[in-house]
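Report on one structure; see the data block that follows.
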4 protein chains.
Amino acid sequence: MGRERLTAFTDGVLAIIVTIMVLELRPPHGTSLHDLAELTPVFLSYVLSFLYVAIYWNNHHHFFHLAPRVDGAVLWANMHLLFWLSLVPFTTAWMGENHFASVPTAVYGASLLAPAIAWVIMQTTIIRMQGADSPLRKALGRDRKAVISPILYLSGIGFSFVNTAVAGLMYLAVALIWLIPDRRIETALAAAEGASA
Amino acid sequence: MGRERLTAFTDGVLAIIVTIMVLELRPPHGTSLHDLAELTPVFLSYVLSFLYVAIYWNNHHHFFHLAPRVDGAVLWANMHLLFWLSLVPFTTAWMGENHFASVPTAVYGASLLAPAIAWVIMQTTIIRMQGADSPLRKALGRDRKAVISPILYLSGIGFSFVNTAVAGLMYLAVALIWLIPDRRIETALAAAEGASA
Amino acid sequence: MGRERLTAFTDGVLAIIVTIMVLELRPPHGTSLHDLAELTPVFLSYVLSFLYVAIYWNNHHHFFHLAPRVDGAVLWANMHLLFWLSLVPFTTAWMGENHFASVPTAVYGASLLAPAIAWVIMQTTIIRMQGADSPLRKALGRDRKAVISPILYLSGIGFSFVNTAVAGLMYLAVALIWLIPDRRIETALAAAEGASA
Amino acid sequence: MGRERLTAFTDGVLAIIVTIMVLELRPPHGTSLHDLAELTPVFLSYVLSFLYVAIYWNNHHHFFHLAPRVDGAVLWANMHLLFWLSLVPFTTAWMGENHFASVPTAVYGASLLAPAIAWVIMQTTIIRMQGADSPLRKALGRDRKAVISPILYLSGIGFSFVNTAVAGLMYLAVALIWLIPDRRIETALAAAEGASA
């Protein structure tokens, strides 16, 4: 089966997740800049989560360029990823509204770790489906990011009970690592296009 | 007419249904794990409904691979299906917020039975449109799931007034039956692709 | 320019409109069937509006089969239509929550009349763009529905101040007139496909 | 990489932004026209923001006709644009609910200025990617609108503290300038289609 509806559905879900998160940013009752400033923690958690969902979308976009065919197992692995991402607006709101309290900040970290694991499962499912010559496996090579990220998430979850600012910075660090995610796949795509030209 | 806009619209509606359901998962006021734990029934009903909508999407995805052409009757049969699915967030919230009380659990079951019936109507409409050589009818063969599912739904609705845990397990059982929905259609697709190769 | 993004954007907006309307259907606090029954007016107004949006989507779907090319004026005429449709969830909620009170029922009728006018404007814009041989104009022929609908809407708005049940039936009557909208266009499409075969 | 998913994701996000804004238009508790009239400032700010999002969508639509290929930098430049647009429902609600008070009106202007800047960044990113023969750069020519718009936004922000009606008119003026955005690109597209015919 082609990937078209998988990517269309994923685009839809991610577009909604990213947009409904802003609904948590409720207009303050007052009309001064001071009233607006009180929303800062909610706003910062929105920015962080927007960044995360944007990264997932960008990676998903690059990823499926190397997976034009999908099967039922890939559909479910993708749905599993979307399930965890659908919880991010909830954990974002809980953390933001409580000004980065310990437990909400740790739970937020867990809600980032879960889709990261789901991503690895999806990646493995696609590579298994593609078999020995998997173009995705070749493009990925040694996957250092996938090793470092969970360590940072777990550290962040731990630091939530010590210093939530450090926890927040660790979550931000994972985002920055993934921000330019596509060199490997763009290189593979460019090579493939060059070869077929 | 081609199926493209039918599937695009359906993807959109299902993506929104699955995502707005999580809006019912309101961040608790407290910041402890105990506060979070109180959301368990709402969370469980979200998981169950996410699973259901995901199953419908997966089946829809497979289904329309064998129905590249649609007509006005199919558009309406599909819209009828979407109508019932659009009510699932409402019944999910009612059941979850009331910790699986009897009537809400029974109504939830009814809100799962209705799209199941709508699905059969849609299936019949497509097979009738495709005529004697309907590839969909051939792929489906004897449709045992379609016989067992309503029996389980009705049993679940009945058990809602006796033991809602049993009712919940029956609804879950239908989901598990449908979780791997695509063997027949994937087989038919693979055969068709093999024949045309 | 091709119609692809116009139809994709329209599908997205209509999918969201139809789905967020159900958010007005708030779970009752009680857990009895009686509590559920109190939602009847809200539910009925949801059903009516779902039907309307579904009809617009179906007609839009058929319509643009005969308009593969669009220009800037068509984009804006379509956006104008979406603007009025985006207000339907608001008027639906106002009417439903107030159990079909006179003014909300009249305003609801006005919110159905406005997109009907916007539809005629869009139709005229497309036919003008297509020029003398407009396939859309040929398919539409004499447009009796477009004459009857505004009369029924205006009568319904008037009856809102006399008997809102009659007003509701008039709004329903327009929906039923448009429910099977596609004979003319399906006929034209079938003829075109036959000719090119 | 093709532009398909970038435009699909953007269509999704803009469709949701435009539609959830209407959720701020809450049905009044009373049922008279007077109760409805009290929503006028919320309604006017909705109309203005709908117009803005519609203009962005229209321009985006035209724009990417001349950018069939995208790279990672363009994806991020587009995501940056969507981030700022995602804040428009929030600033719209704040301004509308407070009847165009000074600070909310100024912040609203800033929330229009930000995506305007993001648009220029995206434009520059695409032109840089396309290189010396950029068809987009040729079509745009001298970009007077891009010079006038920020001046009007900044004037509007300033006037928010003097006379918010003037500020609102300035925001409206930018919208009107951009309302027919596509002559240059439609001309370029028509020329290209003529050349290839």
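Ordering of the structure tokens sets the chain letters (A, B, ...), residue numbers begin anew at 1 in every chain, and ligands are numbered from 1 in the order given.
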Residue set, segment 81-182 of chain B restricted to alpha helix (DSSP H), as a PyMOL selection string: chain B and resi 81-86+88-97+102-130+135-140+144-159+164-178
Shell around Val107 of chain B at 9 Å using only C-alpha atoms, local window under 3 positions removed, as a PyMOL selection string: (chain B and resi 91+95+102-104+110-112+157) or (chain C and resi 33)
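Shell of segment 144-148 of chain A at 12 Å, with only C-alpha atoms counted and residues fewer than 4 places along the chain excluded, is A:Leu113, A:Ala116, A:Ile117, A:Ala118, A:Trp119, A:Val120, A:Ile121, A:Gln123, A:Leu140, A:Leu152, A:Tyr153, A:Leu154, A:Ser155, A:Met170, A:Tyr171, A:Ala173, A:Val174, A:Ala175, A:Leu176, A:Ile177, A:Trp178, A:Leu179, A:Ile180, A:Pro181.
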Residues within 8 Å of Thr125 of chain B, only C-alpha atoms, excluding chain neighbours under 2 positions, as a PyMOL selection string: chain B and resi 73-74+77+121-123+127-129
Distance criterion (only C-alpha atoms): nearest to chain D out of C:Leu82, C:Val53, C:Ala93, C:Leu44: C:Ala93
